[in-house]
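Here is the file final.csv (CSV, C-alpha atoms).
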```csv
chain,number,residue,atom,x,y,z
A,1,MET,CA,90.8,99.1,102.1
A,2,SER,CA,88.4,101.0,100.4
A,3,ASP,CA,89.4,101.6,100.2
A,4,LEU,CA,90.5,102.8,99.4
A,5,SER,CA,91.5,103.3,99.3
A,6,THR,CA,87.0,109.7,99.1
A,7,PHE,CA,86.5,113.1,100.3
A,8,ALA,CA,83.6,114.5,102.1
A,9,ARG,CA,84.9,118.1,102.0
A,10,PRO,CA,87.7,119.7,100.1
A,11,THR,CA,90.5,118.7,102.5
A,12,ALA,CA,89.0,115.4,103.9
A,13,PRO,CA,90.5,112.1,102.9
A,14,VAL,CA,89.0,108.9,101.6
A,15,GLY,CA,86.7,107.5,104.2
A,16,GLN,CA,85.7,110.6,106.1
A,17,VAL,CA,82.2,112.2,106.4
A,18,PRO,CA,82.3,115.5,108.2
A,19,ALA,CA,79.8,116.1,111.0
A,20,ASP,CA,79.1,119.6,109.7
A,21,ALA,CA,78.2,118.6,106.1
A,22,PRO,CA,74.8,120.2,105.3
A,23,VAL,CA,71.8,117.9,104.9
A,24,ARG,CA,70.7,117.9,101.2
A,25,ARG,CA,67.6,116.6,99.6
A,26,SER,CA,68.1,113.1,98.3
A,27,SER,CA,68.2,112.6,94.5
A,28,LEU,CA,68.2,109.7,92.2
A,29,GLY,CA,71.7,110.6,91.1
A,30,GLY,CA,72.9,110.7,94.7
A,31,TRP,CA,71.5,107.3,95.5
A,32,ALA,CA,73.0,105.9,92.3
A,33,ALA,CA,76.4,107.3,93.3
A,34,LEU,CA,76.1,105.9,96.9
A,35,LEU,CA,75.2,102.5,95.4
A,36,VAL,CA,78.5,102.6,93.4
A,37,VAL,CA,80.3,103.4,96.6
A,38,TYR,CA,78.6,100.5,98.4
A,39,VAL,CA,79.4,97.9,95.7
A,40,VAL,CA,82.8,99.2,94.4
A,41,TRP,CA,84.5,99.8,97.7
A,42,GLY,CA,83.0,96.6,99.1
A,43,SER,CA,84.5,94.7,96.2
A,44,THR,CA,88.0,96.2,96.5
A,45,TYR,CA,88.7,93.6,99.3
A,46,LEU,CA,88.0,90.9,96.8
A,47,ALA,CA,90.2,92.5,94.2
A,48,ILE,CA,93.1,92.9,96.6
A,49,ARG,CA,92.8,89.2,97.6
A,50,VAL,CA,92.9,88.2,93.9
A,51,GLY,CA,95.7,90.6,93.2
A,52,VAL,CA,98.1,89.5,95.9
A,53,GLU,CA,97.8,85.9,94.7
A,54,THR,CA,100.6,86.5,92.2
A,55,ILE,CA,101.6,90.2,92.8
A,56,PRO,CA,103.5,91.2,96.0
A,57,PRO,CA,101.2,93.1,98.3
A,58,LEU,CA,103.1,96.4,98.6
A,59,LEU,CA,103.9,96.4,94.9
A,60,LEU,CA,100.2,95.9,94.2
A,61,ALA,CA,99.2,98.8,96.5
A,62,GLY,CA,101.9,101.1,95.3
A,63,ALA,CA,101.2,100.5,91.6
A,64,ARG,CA,97.5,101.0,92.2
A,65,TYR,CA,97.8,104.5,93.8
A,66,LEU,CA,100.7,105.8,91.7
A,67,ILE,CA,99.0,105.0,88.4
A,68,ALA,CA,95.6,106.3,89.7
A,69,GLY,CA,97.4,109.5,90.9
A,70,LEU,CA,99.1,110.0,87.5
A,71,ILE,CA,95.8,109.6,85.7
A,72,LEU,CA,93.9,111.9,88.1
A,73,PHE,CA,96.5,114.6,88.6
A,74,PRO,CA,96.3,116.3,85.2
A,75,PHE,CA,92.6,116.7,85.5
A,76,ALA,CA,92.7,117.7,89.2
A,77,ILE,CA,95.2,120.4,88.7
A,78,ARG,CA,92.9,122.0,86.1
A,79,SER,CA,89.7,121.6,88.1
A,80,GLY,CA,87.7,124.6,89.3
A,81,SER,CA,87.6,128.2,88.0
A,82,ALA,CA,90.6,130.2,87.1
A,83,ALA,CA,90.3,132.1,90.4
A,84,ILE,CA,90.2,128.9,92.4
A,85,ARG,CA,93.2,127.4,90.4
A,86,ALA,CA,95.2,130.6,91.0
A,87,ALA,CA,94.5,130.6,94.8
A,88,ASP,CA,95.0,126.8,95.2
A,89,ARG,CA,98.3,126.1,93.6
A,90,PRO,CA,100.2,123.2,95.2
A,91,SER,CA,102.9,124.5,97.6
A,92,ARG,CA,105.7,122.7,99.3
A,93,ALA,CA,103.6,122.6,102.5
A,94,ASN,CA,100.7,121.1,100.5
A,95,TRP,CA,103.0,118.3,99.1
A,96,LEU,CA,104.4,117.6,102.5
A,97,ALA,CA,100.9,117.4,104.1
A,98,CYS,CA,99.7,115.2,101.3
A,99,ALA,CA,102.7,112.9,101.8
A,100,VAL,CA,102.0,112.6,105.5
A,101,VAL,CA,98.3,111.8,104.9
A,102,GLY,CA,99.0,109.6,101.9
A,103,ILE,CA,101.6,107.5,103.9
A,104,LEU,CA,99.1,107.1,106.8
A,105,LEU,CA,96.2,106.3,104.6
A,106,LEU,CA,97.7,104.4,101.7
A,107,LEU,CA,100.9,102.8,103.1
A,108,GLY,CA,99.8,102.3,106.7
A,109,GLY,CA,96.2,101.6,105.8
A,110,ASN,CA,95.8,100.0,102.4
A,111,GLY,CA,99.4,98.6,102.2
A,112,LEU,CA,99.1,96.7,105.4
A,113,VAL,CA,95.7,95.4,104.5
A,114,SER,CA,97.2,94.1,101.2
A,115,VAL,CA,99.9,92.4,103.2
A,116,GLY,CA,97.3,90.9,105.5
A,117,GLU,CA,95.1,89.6,102.7
A,118,ARG,CA,97.9,87.3,101.5
A,119,THR,CA,96.8,84.9,104.3
A,120,VAL,CA,93.3,85.9,105.4
A,121,PRO,CA,90.0,85.9,103.5
A,122,SER,CA,88.9,89.2,102.0
A,123,GLY,CA,85.6,89.2,103.9
A,124,PHE,CA,87.4,88.6,107.2
A,125,ALA,CA,89.8,91.5,106.4
A,126,SER,CA,86.9,93.8,105.6
A,127,LEU,CA,85.3,93.1,109.0
A,128,LEU,CA,88.5,94.1,110.8
A,129,VAL,CA,88.9,97.2,108.6
A,130,ALA,CA,85.3,98.1,109.5
A,131,THR,CA,86.6,99.1,113.0
A,132,VAL,CA,88.0,102.4,111.5
A,133,PRO,CA,85.1,104.5,112.8
A,134,LEU,CA,85.7,103.0,116.3
A,135,TRP,CA,89.4,104.1,116.1
A,136,LEU,CA,88.3,107.5,115.0
A,137,LEU,CA,86.0,107.8,118.0
A,138,VAL,CA,88.7,106.9,120.4
A,139,LEU,CA,91.3,109.2,118.8
A,140,ASP,CA,88.9,112.1,118.6
A,141,ALA,CA,88.0,111.7,122.2
A,142,VAL,CA,91.6,111.6,123.3
A,143,LEU,CA,92.6,114.6,121.2
A,144,SER,CA,89.6,116.7,122.1
A,145,ARG,CA,89.4,115.5,125.7
A,146,ARG,CA,85.7,115.3,125.3
A,147,TRP,CA,83.2,112.7,126.6
A,148,ILE,CA,82.1,110.6,123.7
A,149,GLY,CA,78.6,109.9,125.0
A,150,TRP,CA,76.8,106.7,126.1
A,151,LEU,CA,75.7,105.5,122.7
A,152,PRO,CA,79.1,105.7,121.1
A,153,LEU,CA,80.6,104.1,124.2
A,154,ALA,CA,78.1,101.2,123.8
A,155,GLY,CA,79.1,100.9,120.2
A,156,LEU,CA,82.8,100.8,121.1
A,157,ILE,CA,82.2,98.0,123.7
A,158,VAL,CA,80.2,96.0,121.2
A,159,GLY,CA,82.8,96.6,118.5
A,160,LEU,CA,85.6,95.4,120.8
A,161,ALA,CA,83.5,92.3,121.6
A,162,GLY,CA,83.2,91.6,117.8
A,163,VAL,CA,87.0,92.0,117.3
A,164,ALA,CA,87.7,89.7,120.2
A,165,LEU,CA,85.3,87.1,118.7
A,166,LEU,CA,87.0,87.4,115.3
A,167,ALA,CA,90.4,87.1,116.8
A,168,GLY,CA,89.5,84.0,118.8
A,169,LEU,CA,90.2,85.4,122.2
A,170,GLY,CA,89.3,82.8,124.7
A,171,ASP,CA,89.7,79.7,122.5
A,172,GLY,CA,93.0,80.6,120.7
A,173,ALA,CA,91.7,80.2,117.2
A,174,SER,CA,90.5,83.1,115.1
A,175,ALA,CA,87.3,83.0,113.1
A,176,SER,CA,89.2,82.5,109.9
A,177,GLY,CA,92.2,80.6,111.2
A,178,ALA,CA,94.4,83.7,110.8
A,179,SER,CA,97.4,84.2,113.0
A,180,ALA,CA,97.4,86.8,115.8
A,181,GLY,CA,100.2,88.6,113.9
A,182,VAL,CA,98.2,89.0,110.7
A,183,ILE,CA,95.1,90.1,112.7
A,184,LEU,CA,97.3,92.7,114.4
A,185,ILE,CA,98.6,93.9,111.1
A,186,ILE,CA,95.1,94.6,109.8
A,187,LEU,CA,94.1,96.3,113.0
A,188,VAL,CA,97.2,98.5,112.8
A,189,ALA,CA,96.1,99.3,109.2
A,190,SER,CA,92.7,100.4,110.5
A,191,LEU,CA,94.4,102.6,113.2
A,192,SER,CA,96.7,104.1,110.6
A,193,TRP,CA,93.7,104.9,108.4
A,194,ALA,CA,92.0,106.7,111.3
A,195,LEU,CA,95.2,108.6,112.0
A,196,GLY,CA,95.4,109.7,108.4
A,197,THR,CA,91.8,110.8,108.5
A,198,ILE,CA,92.4,113.0,111.5
A,199,ALA,CA,95.7,114.3,110.1
A,200,SER,CA,93.9,115.5,107.0
A,201,THR,CA,91.8,117.9,109.0
A,202,ARG,CA,94.8,119.4,110.7
A,203,LEU,CA,97.3,119.7,107.9
A,204,ALA,CA,97.6,122.2,105.0
A,205,LEU,CA,96.0,120.1,102.2
A,206,PRO,CA,94.9,121.7,98.9
A,207,GLN,CA,91.3,123.0,99.0
A,208,ARG,CA,90.3,121.1,95.9
A,209,ALA,CA,89.3,117.6,96.8
A,210,PRO,CA,90.5,116.0,93.5
A,211,LEU,CA,93.8,117.7,93.7
A,212,ALA,CA,94.4,116.6,97.3
A,213,THR,CA,93.4,113.1,96.4
A,214,ALA,CA,95.8,112.9,93.4
A,215,MET,CA,98.7,114.3,95.5
A,216,GLN,CA,98.1,111.8,98.2
A,217,MET,CA,97.9,109.0,95.7
A,218,LEU,CA,101.2,110.2,94.1
A,219,THR,CA,103.1,110.6,97.3
A,220,GLY,CA,101.6,107.5,99.0
A,221,GLY,CA,102.1,105.4,95.9
A,222,VAL,CA,105.8,106.4,95.5
A,223,THR,CA,106.4,105.7,99.2
A,224,ILE,CA,104.8,102.3,99.0
A,225,LEU,CA,106.9,101.3,96.0
A,226,VAL,CA,110.1,102.4,97.6
A,227,LEU,CA,109.3,100.2,100.6
A,228,SER,CA,108.4,97.4,98.2
A,229,ALA,CA,111.8,97.7,96.6
A,230,VAL,CA,113.6,97.8,100.0
A,231,THR,CA,111.8,94.7,101.2
A,232,GLY,CA,112.8,92.8,98.1
A,233,GLU,CA,109.4,92.5,96.4
A,234,PHE,CA,110.7,93.8,93.1
A,235,GLY,CA,113.2,90.9,92.9
A,236,SER,CA,110.5,88.4,93.7
A,237,LEU,CA,108.2,89.6,91.0
A,238,HIS,CA,108.2,87.6,87.7
A,239,ILE,CA,106.0,89.2,85.2
A,240,SER,CA,105.4,85.9,83.4
A,241,HIS,CA,104.1,84.3,86.6
A,242,VAL,CA,101.5,87.0,87.2
A,243,ALA,CA,98.1,85.5,86.6
A,244,PRO,CA,95.7,87.3,84.2
A,245,ARG,CA,93.1,87.7,87.0
A,246,SER,CA,95.7,89.5,89.2
A,247,TRP,CA,96.3,92.0,86.3
A,248,LEU,CA,92.5,92.4,86.1
A,249,ALA,CA,92.3,93.0,89.8
A,250,LEU,CA,95.0,95.7,89.6
A,251,ALA,CA,93.1,97.4,86.8
A,252,PHE,CA,89.9,97.3,88.8
A,253,LEU,CA,91.7,98.8,91.8
A,254,ILE,CA,93.1,101.6,89.7
A,255,GLY,CA,90.0,102.5,87.8
A,256,PRO,CA,86.7,101.6,89.6
A,257,GLY,CA,88.3,101.1,93.0
A,258,SER,CA,90.1,104.4,93.2
A,259,ILE,CA,89.0,106.9,90.5
A,260,LEU,CA,85.3,105.9,89.9
A,261,ALA,CA,84.5,105.3,93.5
A,262,LEU,CA,86.1,108.7,94.5
A,263,SER,CA,84.0,110.5,91.9
A,264,ALA,CA,80.8,108.7,93.0
A,265,TYR,CA,81.5,109.5,96.6
A,266,ASN,CA,81.9,113.2,95.8
A,267,VAL,CA,78.5,113.2,94.1
A,268,ALA,CA,76.9,111.3,97.0
A,269,VAL,CA,78.1,113.8,99.7
A,270,ARG,CA,76.8,116.7,97.7
A,271,ARG,CA,73.3,115.2,97.1
A,272,LEU,CA,72.5,113.1,100.2
A,273,SER,CA,72.5,113.8,103.9
A,274,THR,CA,75.5,113.1,106.0
A,275,SER,CA,73.8,110.3,108.0
A,276,THR,CA,72.9,108.6,104.7
A,277,VAL,CA,76.3,108.7,103.2
A,278,ALA,CA,77.8,107.6,106.6
A,279,THR,CA,76.2,104.2,106.1
A,280,TYR,CA,78.9,103.0,103.8
A,281,PRO,CA,81.4,101.9,106.5
A,282,TYR,CA,79.0,99.1,107.6
A,283,VAL,CA,77.6,98.3,104.1
A,284,ASN,CA,81.0,97.8,102.5
A,285,PRO,CA,82.0,94.8,104.8
A,286,VAL,CA,78.6,93.1,104.1
A,287,VAL,CA,79.3,93.4,100.3
A,288,ALA,CA,82.9,92.1,100.8
A,289,VAL,CA,81.8,89.1,102.8
A,290,ILE,CA,79.1,88.2,100.3
A,291,LEU,CA,81.5,88.5,97.3
A,292,GLY,CA,84.2,86.6,99.1
A,293,ALA,CA,81.9,83.8,99.9
A,294,THR,CA,80.3,83.6,96.5
A,295,LEU,CA,83.2,84.3,94.2
A,296,LEU,CA,86.2,82.9,96.1
A,297,ASN,CA,84.3,80.3,98.2
A,298,GLU,CA,85.6,81.8,101.4
A,299,ARG,CA,84.3,79.9,104.4
A,300,LEU,CA,81.9,81.7,106.8
A,301,THR,CA,82.1,80.4,110.3
A,302,PRO,CA,79.5,81.2,113.0
A,303,ALA,CA,82.2,83.1,115.0
A,304,MET,CA,82.9,85.2,111.9
A,305,LEU,CA,79.3,86.0,111.2
A,306,ILE,CA,78.5,86.9,114.8
A,307,GLY,CA,81.7,88.9,115.3
A,308,GLY,CA,81.2,90.7,112.0
A,309,ALA,CA,77.6,91.5,113.0
A,310,LEU,CA,78.7,92.9,116.3
A,311,ILE,CA,81.3,95.2,114.5
A,312,ILE,CA,78.7,96.4,112.0
A,313,VAL,CA,76.2,97.2,114.7
A,314,ALA,CA,78.9,99.0,116.7
A,315,VAL,CA,79.9,101.1,113.6
A,316,ALA,CA,76.2,101.8,113.0
A,317,LEU,CA,75.8,103.1,116.6
A,318,VAL,CA,78.9,105.3,116.3
A,319,VAL,CA,78.3,106.6,112.8
A,320,TRP,CA,74.6,107.3,113.4
A,321,ARG,CA,75.4,109.3,116.5
A,322,ARG,CA,78.2,111.3,114.9
A,323,GLY,CA,76.3,111.8,111.7
A,324,SER,CA,73.0,113.0,113.2
A,325,PRO,CA,72.2,116.7,112.9
A,326,GLY,CA,73.6,118.6,115.9
A,327,HIS,CA,76.2,116.0,116.8
```

Rewrite the structure from the file as structure tokens, please.
Amino acid sequence: MSDLSTFARPTAPVGQVPADAPVRRSSLGGWAALLVVYVVWGSTYLAIRVGVETIPPLLLAGARYLIAGLILFPFAIRSGSAAIRAADRPSRANWLACAVVGILLLLGGNGLVSVGERTVPSGFASLLVATVPLWLLVLDAVLSRRWIGWLPLAGLIVGLAGVALLAGLGDGASASGASAGVILIILVASLSWALGTIASTRLALPQRAPLATAMQMLTGGVTILVLSAVTGEFGSLHISHVAPRSWLALAFLIGPGSILALSAYNVAVRRLSTSTVATYPYVNPVVAVILGATLLNERLTPAMLIGGALIIVAVALVVWRRGSPGH
């Protein structure tokens, strides 16, 4: 998961664009940063698929975030002015909040996607993960007890139709040949990511975005590695059997996939309008599908293309409505 696998405001997690972010004049730098988000986050699905070929999935995800957190934390803790650093020192409550959000986002979200990608194409997984804004819509409506509006409702219905088509409901065969269990795992990952996104707005995270990100990566990464050890992944790993391209995939997920994309996203949300930045949830799967088909020769079936198109249209309807000024 884009991945994670970004922060739109100081306490918002990867993947969230706040409805109240001010509209700013577009700039070349902002568009360049958004292009990085489009391409890099879209390509993380490919990197995960390559990584899990010879690295156990939870071990891959845990190592990715723990190493990225260790790299980012020393810089994040020193970010901001002296006054900001003094007022925003990590407390026990901050660490606990980051642990909760990190577990939901990184273990429940990215970890389960990594497990799923052992048996499904990267492009197919990205289309299922693209349902995150739909989960957010439902959860937000339930928690706020507020009518979502006709346009988001239409988007939700279209999105469900897309998921049903991808899952093969009606003919018993999914668009990629994936089992119902694996599809459910990736959909649960999407739900977990949405829960983590909402939790981040309600818990006491540090005010500095890089610091909150690093702390989530550290706590989430450690938790994933503990689970990896408990499930026996450490014992099944043989360093000599790890393919060079899996090592390269891990390096990509740590550097560009986690740290570079996060930095680019922070630039984009400060220089572009909310509605513009909010386009990434339906651009990322397009990039993932194209890369999977061209670099990994992943087969594209008519059901996959139509189902994916329905999900992307649904996300566009939901994000456009939520990202418009005044909504």

Review point. So which residues touch Leu187 in chain A within 7 Å, counting all atoms listed in the file, skipping near sequence neighbours fewer than 3 positions away, as a count of residues only?
Key: 6

Point to revise | Neighbour list for range 77-86 of chain A as a VMD selection string, cut-off 8 Å, all atoms listed in the file, skip fewer than 5 positions in-chain | key: chain A and resid 208 210 to 211

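You can rank A:Leu195, A:Ala68, A:Ala47, A:Val230 by their closest distance to Leu260 in chain A using only C-alpha atoms, and at the top of that list sits A:Ala68.
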
Check your understanding: Which distance in Å separates CA of Thr44 in chain A and CA of Ala251 in chain A, to one decimal?
Key -> 11.0 Å

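Using only C-alpha atoms, the shortest contact distance between Ser144 in chain A and any of A:Ile198, A:Leu218, A:Ser122, A:Gly102 is found at A:Ile198.
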
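Proximity ranking of A:Leu58, A:Val142, A:Leu35, A:Ala199 relative to Thr231 in chain A places A:Leu58 first, based on all atoms listed in the file.
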
Please return range 126-155 of chain A, rebuilt to N, CA and C atoms, as an mmCIF file, in the frame of the given file.
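Contents of the output file selection12.cif:
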```
data_model
loop_
_atom_site.group_PDB
_atom_site.id
_atom_site.type_symbol
_atom_site.label_atom_id
_atom_site.label_comp_id
_atom_site.auth_asym_id
_atom_site.auth_seq_id
_atom_site.Cartn_x
_atom_site.Cartn_y
_atom_site.Cartn_z
ATOM 1 N N SER A 126 87.829 92.645 105.666
ATOM 2 C CA SER A 126 86.900 93.800 105.600
ATOM 3 C C SER A 126 86.223 94.044 106.936
ATOM 4 N N LEU A 127 85.942 92.983 107.678
ATOM 5 C CA LEU A 127 85.300 93.100 109.000
ATOM 6 C C LEU A 127 86.236 93.789 109.984
ATOM 7 N N LEU A 128 87.511 93.449 109.925
ATOM 8 C CA LEU A 128 88.500 94.100 110.800
ATOM 9 C C LEU A 128 88.687 95.557 110.423
ATOM 10 N N VAL A 129 88.721 95.837 109.113
ATOM 11 C CA VAL A 129 88.900 97.200 108.600
ATOM 12 C C VAL A 129 87.671 98.060 109.006
ATOM 13 N N ALA A 130 86.517 97.412 109.170
ATOM 14 C CA ALA A 130 85.300 98.100 109.500
ATOM 15 C C ALA A 130 85.401 98.809 110.896
ATOM 16 N N THR A 131 86.463 98.507 111.650
ATOM 17 C CA THR A 131 86.600 99.100 113.000
ATOM 18 C C THR A 131 87.186 100.558 112.858
ATOM 19 N N VAL A 132 87.475 101.041 111.652
ATOM 20 C CA VAL A 132 88.000 102.400 111.500
ATOM 21 C C VAL A 132 87.210 103.460 112.233
ATOM 22 N N PRO A 133 85.867 103.493 112.089
ATOM 23 C CA PRO A 133 85.100 104.500 112.800
ATOM 24 C C PRO A 133 85.272 104.397 114.334
ATOM 25 N N LEU A 134 85.521 103.197 114.843
ATOM 26 C CA LEU A 134 85.700 103.000 116.300
ATOM 27 C C LEU A 134 87.072 103.641 116.687
ATOM 28 N N TRP A 135 88.115 103.429 115.872
ATOM 29 C CA TRP A 135 89.400 104.100 116.100
ATOM 30 C C TRP A 135 89.261 105.597 116.076
ATOM 31 N N LEU A 136 88.500 106.073 115.090
ATOM 32 C CA LEU A 136 88.300 107.500 115.000
ATOM 33 C C LEU A 136 87.621 108.072 116.222
ATOM 34 N N LEU A 137 86.665 107.334 116.744
ATOM 35 C CA LEU A 137 86.000 107.800 118.000
ATOM 36 C C LEU A 137 86.933 107.897 119.116
ATOM 37 N N VAL A 138 87.790 106.909 119.311
ATOM 38 C CA VAL A 138 88.700 106.900 120.400
ATOM 39 C C VAL A 138 89.769 108.051 120.235
ATOM 40 N N LEU A 139 90.331 108.163 119.042
ATOM 41 C CA LEU A 139 91.300 109.200 118.800
ATOM 42 C C LEU A 139 90.769 110.591 118.951
ATOM 43 N N ASP A 140 89.547 110.790 118.442
ATOM 44 C CA ASP A 140 88.900 112.100 118.600
ATOM 45 C C ASP A 140 88.656 112.455 120.012
ATOM 46 N N ALA A 141 88.231 111.467 120.802
ATOM 47 C CA ALA A 141 88.000 111.700 122.200
ATOM 48 C C ALA A 141 89.258 112.057 122.962
ATOM 49 N N VAL A 142 90.333 111.367 122.623
ATOM 50 C CA VAL A 142 91.600 111.600 123.300
ATOM 51 C C VAL A 142 92.146 113.011 122.922
ATOM 52 N N LEU A 143 92.096 113.342 121.646
ATOM 53 C CA LEU A 143 92.600 114.600 121.200
ATOM 54 C C LEU A 143 91.800 115.810 121.668
ATOM 55 N N SER A 144 90.489 115.632 121.681
ATOM 56 C CA SER A 144 89.600 116.700 122.100
ATOM 57 C C SER A 144 89.331 116.756 123.580
ATOM 58 N N ARG A 145 89.713 115.650 124.268
ATOM 59 C CA ARG A 145 89.400 115.500 125.700
ATOM 60 C C ARG A 145 87.969 115.749 125.995
ATOM 61 N N ARG A 146 87.151 115.078 125.207
ATOM 62 C CA ARG A 146 85.700 115.300 125.300
ATOM 63 C C ARG A 146 85.027 113.929 125.502
ATOM 64 N N TRP A 147 84.005 113.900 126.339
ATOM 65 C CA TRP A 147 83.200 112.700 126.600
ATOM 66 C C TRP A 147 82.515 112.268 125.303
ATOM 67 N N ILE A 148 82.609 111.004 124.961
ATOM 68 C CA ILE A 148 82.100 110.600 123.700
ATOM 69 C C ILE A 148 80.569 110.318 123.709
ATOM 70 N N GLY A 149 79.989 110.159 124.886
ATOM 71 C CA GLY A 149 78.600 109.900 125.000
ATOM 72 C C GLY A 149 78.301 108.402 125.207
ATOM 73 N N TRP A 150 77.139 108.095 125.756
ATOM 74 C CA TRP A 150 76.800 106.700 126.100
ATOM 75 C C TRP A 150 76.604 105.811 124.913
ATOM 76 N N LEU A 151 75.934 106.338 123.895
ATOM 77 C CA LEU A 151 75.700 105.500 122.700
ATOM 78 C C LEU A 151 76.937 105.131 121.984
ATOM 79 N N PRO A 152 77.846 106.084 121.690
ATOM 80 C CA PRO A 152 79.100 105.700 121.100
ATOM 81 C C PRO A 152 79.935 104.761 121.969
ATOM 82 N N LEU A 153 79.872 104.969 123.297
ATOM 83 C CA LEU A 153 80.600 104.100 124.200
ATOM 84 C C LEU A 153 80.058 102.657 124.089
ATOM 85 N N ALA A 154 78.731 102.547 124.015
ATOM 86 C CA ALA A 154 78.100 101.200 123.800
ATOM 87 C C ALA A 154 78.600 100.604 122.521
ATOM 88 N N GLY A 155 78.659 101.436 121.474
ATOM 89 C CA GLY A 155 79.100 100.900 120.200
ATOM 90 C C GLY A 155 80.580 100.473 120.265
#
```
